[in-house]
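All remarks here apply to the structure that follows.
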Amino acid sequence: MAKENNLCTVFFDGKHIADVKDGKAFAEEIRKSRRKGLISGEVNVAYIKRLNEVHVNADKGRVRKPYIIVEGGKSKFDAELREKLKKKEIDFNYLVRRGIIEYLDVEEEENILAAMKEEEITGQSTHLEVHPAIMFGLTANSSIFPEFNSVGKHPLAWQLMKQAQGLPAMNFQSRFNARSYLLHYPQRPLIDSATYRAANLAMHANGQNFIVAVSTYLGYNMSDAVVINKAAVDRGLGRSTFFKTYSDEERRYPGGQQDKFVIPNPSVDGYEGEQAYSKLGEDGIVEEEMEVNDGDIIIGKASPPRFLEEQTAFGAGIDRSRDNSTKLKSGESGTVDNVMITETSGATKIVKVVIRSNMIPELGDKVGSRHAQKGVIGAVIPQEDMPFTKDGIVPDLLLSPMGLPNRMTFGHILEMLGAKASVVKGVIQDGTPFSKRGTELINYYGDVLEAAGFDRNGNDVLYDGKTGKRFAASVFMGPVYYYRLYQMTKLKLQVRSRGPVQILTRQPTEGKPRSGGIRLEEMARDALVGHGASLVLKDRMLEQSDKDTVWICRICGDMGYFDHIKNMPICPTCGPGSKLESVEISYAFKVLLDELKSMHMLARIKLKND
Amino acid sequence: METKRNEISYGEPVGVVTAQSIGERSTQMVLRTFHSAGIVSQVVTAGLPRLIEILDARKKPKHPTMTITFDKKIASNYEDVKEMKKRIEEVRVSSLLESFEENLKAGTMVLNLDKEALALRSITVRRVMDMISQRFPDVELSNEGNSVSVRSKKKKEIRAVRTAFVNIRAEMISGVEGIEKVVVNSEGGLFYISTNGSNLKGVLEVNEINPENVYTNDMFEILNVFGVEAARAAIVNEMMQVFAIEDTKINVKHAMLIADAMTQKGVIKSIGRHGLAGDKESVFARAAYEETIKHFVNAAFFSETDRLKGVAENIIIGRQITVGTGRVKLMIKNADLEKVKPED
């Protein structure tokens with residue numbers, strides 16, 4: 001829209017407040033005052049040439065980023081200030097106050113020309129980046145060497161970080177989270193980034209430094225699996241605790257009745273015998289530090305009957321309350337960690353019981369590094385059978401080399417080299433994004449390793465643990481910061497041979513909480529059909545599922561029933577004298593026939609003579 | 001030996017094997033339309049969309065194409081093939097126009113014919129005028145250079161004039177209807193023609209075209225012109241073509257099985273609700289697939305009988321399926337055997 005008066009419009013927090021002749025000079029004026037400290041440093045101003053508008057913003061919720069101011073082709077953060085900062089005579093806020101560093105919002109960023117590095121400053125530059133890594137947020141910045149990894153891998157790496165077990169909260173002992181995970185011996189990484197240190201993330205580290213050798217092991221680490229050292233696990237590698245909270249409340253029902261936390265007395269409906277309630281304390285709640293297994297009752301509760309009792313001949317019905325206790329879910333076990341008794345705002349009593357269980361790394365547990373290199377444990381091998389170096393170093397984890405080339409996570413390899421240098425030198429190395437060139441790093445680490453008598457490429461000569469023979473090739477070995485991810489076998493393992501069935505179809509239930517089976521899906525079924533394995537299919541679909549015997553009338557083709565008093569099958573339609581045959585069908589099919597019948601469709605079954 | 005080895009066992013569920021073989025390959029295919037390289041590009045549907053097009057038995061393919069080869073005498077001569085191209089390619093008045101002006105109120109229209117377009121197709125202004133006057137007797141024509149003036153003889157209302165003028169511009173001058181674009185290609189020194197648009201019947205009527213050398217990817221045209229056996233062959237051919245373009249292949253027997261199934265009723269039936277799956281004999285098998293209620297209600301209405309011969313229905317009721325190991329039955333029961341005394 002063309003402006004009639006050729007004036008520049010000034011907006012303050014989105015409101016049109018004035019018009020000025022020269023918008024650019026106006027914006028520059030505001031900027032100068034801000035740097036002098038005449039107006040707040042939180043004010044940002046942008047001149048938008050395309051619209052001939054000046055936007056002045058001082059409202060909340062703008063994302064702002066610090067820049068070093070450049071004047072006359074020279075950074076205002078000079079050698080003198082740098083020296084002072086190093087001696088800690090001044091701090092970052094001092095620089096902000098003195099107009100050396102300023103915070104810009106996204107709109108003002110459009111007006112500047114920022115140099116990435118001091119050497120790149122030209123006459124036109126107005127600002128200098130504090131550090132290239134500052135473009136990332138906290139999460140992205142706590143990863144190391146991201147510039148050496150494939151771009152698409154970064155989100156996956158951050159995804160892994162979220163799943164890592166660590167220290168969930170400092171007050172975890174007095175918390176009642178539904179589920180939480182605690183890593184026993186968290187370590188700070190041997191390579192970290194400037195942001196990681198600045199945010200003091202090592203205080204709640206969520207991983208451990210595993211000694212990793214890039215080698216195969218009898219196929220136990222193929223396809224992203226890893227082999228881990230049993231001795232290391234026994235020493236506490238990757239060990240964690242899983243906390244789960246069970247809770248229950250004393251409900252109130254219409255009619256003045258209410259639940260009660262008690263050890264149910266033998267007269268209640270569904271009483272399970274004295275043994276079942278043996279772990280409960282006097283208050284009906286399980287005692288702390290009690291070992292509990294699946295099916296054990298942890299909160300005893302008696303509830304009033306579901307339906308109002310009929311008036312009996314003896315006057316008011318006797319108390320037929322029912323057992324409504326909380327049991328430990330199937331497959332779970334552990335120790336009672338904590339019990340809390342409290343009440344809601346509605347003054348109903350609430351009980352929360354925390355069960356703690358030890359999670360020792362085992363087959364099928366998931367681990368991952370900071371470079372989106374995740375895998376499941378394929379085997380836990382005794383230390384005696386693991387490869388070792390001449391110094392007797394046995395790797396904690398064997399990583400298959402096949403996972404590295406096509407994923408292009410060079411950062412992982414660089415971390416191994418750098419962390420090895422950290423160990424050798426006794427100094428934690430820096431992996432801040434965009435701080436050094438790859439060749440520079442490799443040469444530096446190589447020199448450190450060589451000085452300590454290691455191979456400069458990070459390779460080690462390994463000996464086979466089983467035969468003691470030297471491996472023909474030397475193996476790349478070094479520490480890697482690994483996460484133990486919360487996907488664990490113990491929480492997911494599910495098997496069934498017999499078990500509960502669904503009421504409607506009498507087919508096995510589905511899902512772990514209902515101790516269900518694994519469904520034979522449509523495509524698996526097609527595969528069986530494709531193989532012509534008719535009896536396997538029948539076994540899955542009928543025998544191991546919802547087999548049922550029904551009586552079919554030869555005359556009318558409808559279903560009859562077996563009369564156990566007369567000890568003979570009866571067809572209600574054709575009456576006595578009808579001939580019925582017992583037929584095995586799927587119960588789901590019987591339900592189908594019944595439902596069709598309920599809609600006035602009768603499917604008659606004609607039986608062949610045999 | 002070879003024949004023996006290729007023989008399928010009795011009771012082998014060939015349909016499932018076919019479905020799996022094709023299904024596995026199709027997961028690899030990308031959802032894309034294939035463009036053949038070249039200056040005069042030709043658009044061909046390929047990959048999964050084309051496969052779906054074939055199996056769904058769409059009445060018109062998205063990109064109908066014909067390939068016409070010639071006997072060696074013509075094929076080796078570029079000019080002759082170009083002459084054939086002129087005969088086949090659909091030319092309408094509108095495609096010859098450089099511009100036109102119309103005055104609907106006065107009932108006049110001036111068609112400015114493009115000199116180059118005329119020359120390219122060897123069409124004279126005279127011929128255009130003849131064609132128009134033949135089809136539209138109630139207009140008067142006069143020409144001046146490359147311009148043809150059209151004047152409506154009778155006074156009509158504007159709407160009628162407009163329709164007439166649009167029809168004149170859409171009038172076909174030469175070629176076969178539906179053949180929108182013709183490209184001359186060569187392979188091994190022999191020239192052949194590919195087209196956008198397909199009209200099998202029309203092309204076959206053109207002189208000097210041997211019916212054996214004409215191919216179209218429109219299987220319904222093949223069905224209508226050559227009959228159902230040819231259509232079956234076309235389905236096989238087209239399916240194999242889809243996989244060939246993707247640089248993979250399936251056993252031709254799979255394609256043949258599908259083509260047989262699609263054409264067994266004498267017309268091309270699609271695979272799916274309105275075709276094969278909808279025509280299944282078993283009520284349960286149909287109800288298990290789609291539109292469950294419709295099939296049950298109709299079955300009840302017409303008192304249908306399910307003879308439980310297929311696979312799906314037997315799985316539903318929980319019987320041994322009738323393929324593979326479930327196909328074979330004992331002809332003589334053990335109990336009956338005992339009655340028969342073995343001859344000494």
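Residue numbering restarts at 1 in every chain; chains get A, B, ... in the order shown in the structure tokens, and ligands count up from 1 in that same order.
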- Pull the helix (DSSP H, G or I) assignments for stretch 33-274 of chain B out of DSSP run on the backbone, and list those residues as an MDAnalysis selection string. chainID B and resid 47:55 72:75 78:88 93:96 115:120 125:135 158:169 200:204 211:213 219:226 228:245 252:263
task = Just list the residues in stretch 170-391 of chain A DSSP gives strand (DSSP E or B) on the backbone, as a VMD selection string.
result = chain A and resid 179 to 183 187 191 to 192 207 to 214 226 to 229 240 to 249 252 258 260 to 261 269 280 285 to 286 291 to 292 297 to 299 301 to 303 312 315 322 to 323 326 to 327 334 to 343 349 to 359 366 to 369 374 to 381 388
Inset, instruction - Please return, as an MDAnalysis selection string, all residues of chain A lying within 6 Å of chain B when only C-alpha atoms are considered. - result: chainID A and resid 530 532 534 538 542 585:586 589 601
Write the selection just made, keeping C-alpha atoms, as an mmCIF file, in the first residue's frame?
data_model
loop_
_atom_site.group_PDB
_atom_site.id
_atom_site.type_symbol
_atom_site.label_atom_id
_atom_site.label_comp_id
_atom_site.auth_asym_id
_atom_site.auth_seq_id
_atom_site.Cartn_x
_atom_site.Cartn_y
_atom_site.Cartn_z
ATOM 1 C CA GLY A 530 0.005 -69.408 1.383
ATOM 2 C CA GLY A 532 -1.166 -74.476 2.769
ATOM 3 C CA SER A 534 -4.258 -75.827 7.095
ATOM 4 C CA LYS A 538 -6.922 -74.386 12.450
ATOM 5 C CA LEU A 542 -9.832 -72.591 16.688
ATOM 6 C CA ILE A 585 -17.139 -74.233 15.662
ATOM 7 C CA SER A 586 -15.465 -71.001 16.621
ATOM 8 C CA PHE A 589 -19.078 -67.661 14.763
ATOM 9 C CA MET A 601 -31.845 -63.663 9.984
#
- Task: Excluding B:Asn207 and any residue of its chain fewer than 4 positions from it, enumerate the residues within 10 Å of it, using only C-alpha atoms, and give them as a list of chain:residue names.
- Result: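 Here the answer would be B:Met84, B:Arg87, B:Val203.
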Handout entry: Shortest interatomic distance to B:Pro64 - which of B:Ser282, B:Asn210, B:Ser270, B:Thr195, counting only C-alpha atoms
Key =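 Ranked by minimum distance to B:Pro64, first place goes to B:Thr195.
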Judged by only C-alpha atoms, the minimum distance to B:Tyr215 among B:Phe70, B:Asp279, B:Asn77, B:Glu140 is found for B:Phe70
Q: Find the spatial neighbours of B:Met239, counting only C-alpha atoms, within a cut-off of 8 Å - ignore same-chain residues fewer than 5 positions away - and output them as a ChimeraX atom specification.
A: /B:51,54,255
Selection above as a file: N, CA and C atoms, as a PDB file, in the first residue's frame:
ATOM      1  N   LEU B  51      -0.415 -49.713 -11.590  1.00  0.00           N
ATOM      2  CA  LEU B  51      -0.811 -51.053 -11.155  1.00  0.00           C
ATOM      3  C   LEU B  51      -2.225 -51.019 -10.592  1.00  0.00           C
ATOM      4  N   ILE B  54      -4.723 -50.718 -13.349  1.00  0.00           N
ATOM      5  CA  ILE B  54      -5.005 -51.979 -14.039  1.00  0.00           C
ATOM      6  C   ILE B  54      -5.913 -52.859 -13.193  1.00  0.00           C
ATOM      7  N   ALA B 255       0.824 -62.795 -13.123  1.00  0.00           N
ATOM      8  CA  ALA B 255       0.060 -61.857 -13.943  1.00  0.00           C
ATOM      9  C   ALA B 255      -1.035 -62.589 -14.701  1.00  0.00           C
TER      10      ALA B 255
END
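Separating atom CA of A:Gly295 from atom CA of A:Leu328 is a distance of 5.1 Å.
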Query raised in the report: Near A:Leu237, within 9 Å and counting only C-alpha atoms, which residues show up once chain neighbours fewer than 3 positions away are dropped, as a ChimeraX atom specification?
Result: /A:184-185,208,210,231-234,240,360-361,396
Quiz item: Between A:Gly300, A:Asn171, A:Asn324, A:Tyr445, which has the minimum distance to A:Glu274 (counting only C-alpha atoms)?
Solution: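 Of A:Gly300, A:Asn171, A:Asn324, A:Tyr445, the one nearest A:Glu274 is A:Gly300, counting only C-alpha atoms.
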- So, counting only C-alpha atoms, which residue among A:Gly73, A:Asn6, A:Arg31, A:Phe172 is closest to A:Glu108?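 That would be A:Arg31, the residue with the smallest distance to A:Glu108.
Our summary of the geometry notes that atom CA of A:Leu167 is positioned 25.3 Å from atom CA of A:Ile341.
Picture a line from atom CA of A:Tyr246 to atom CA of A:Val286; it runs 11.3 Å.
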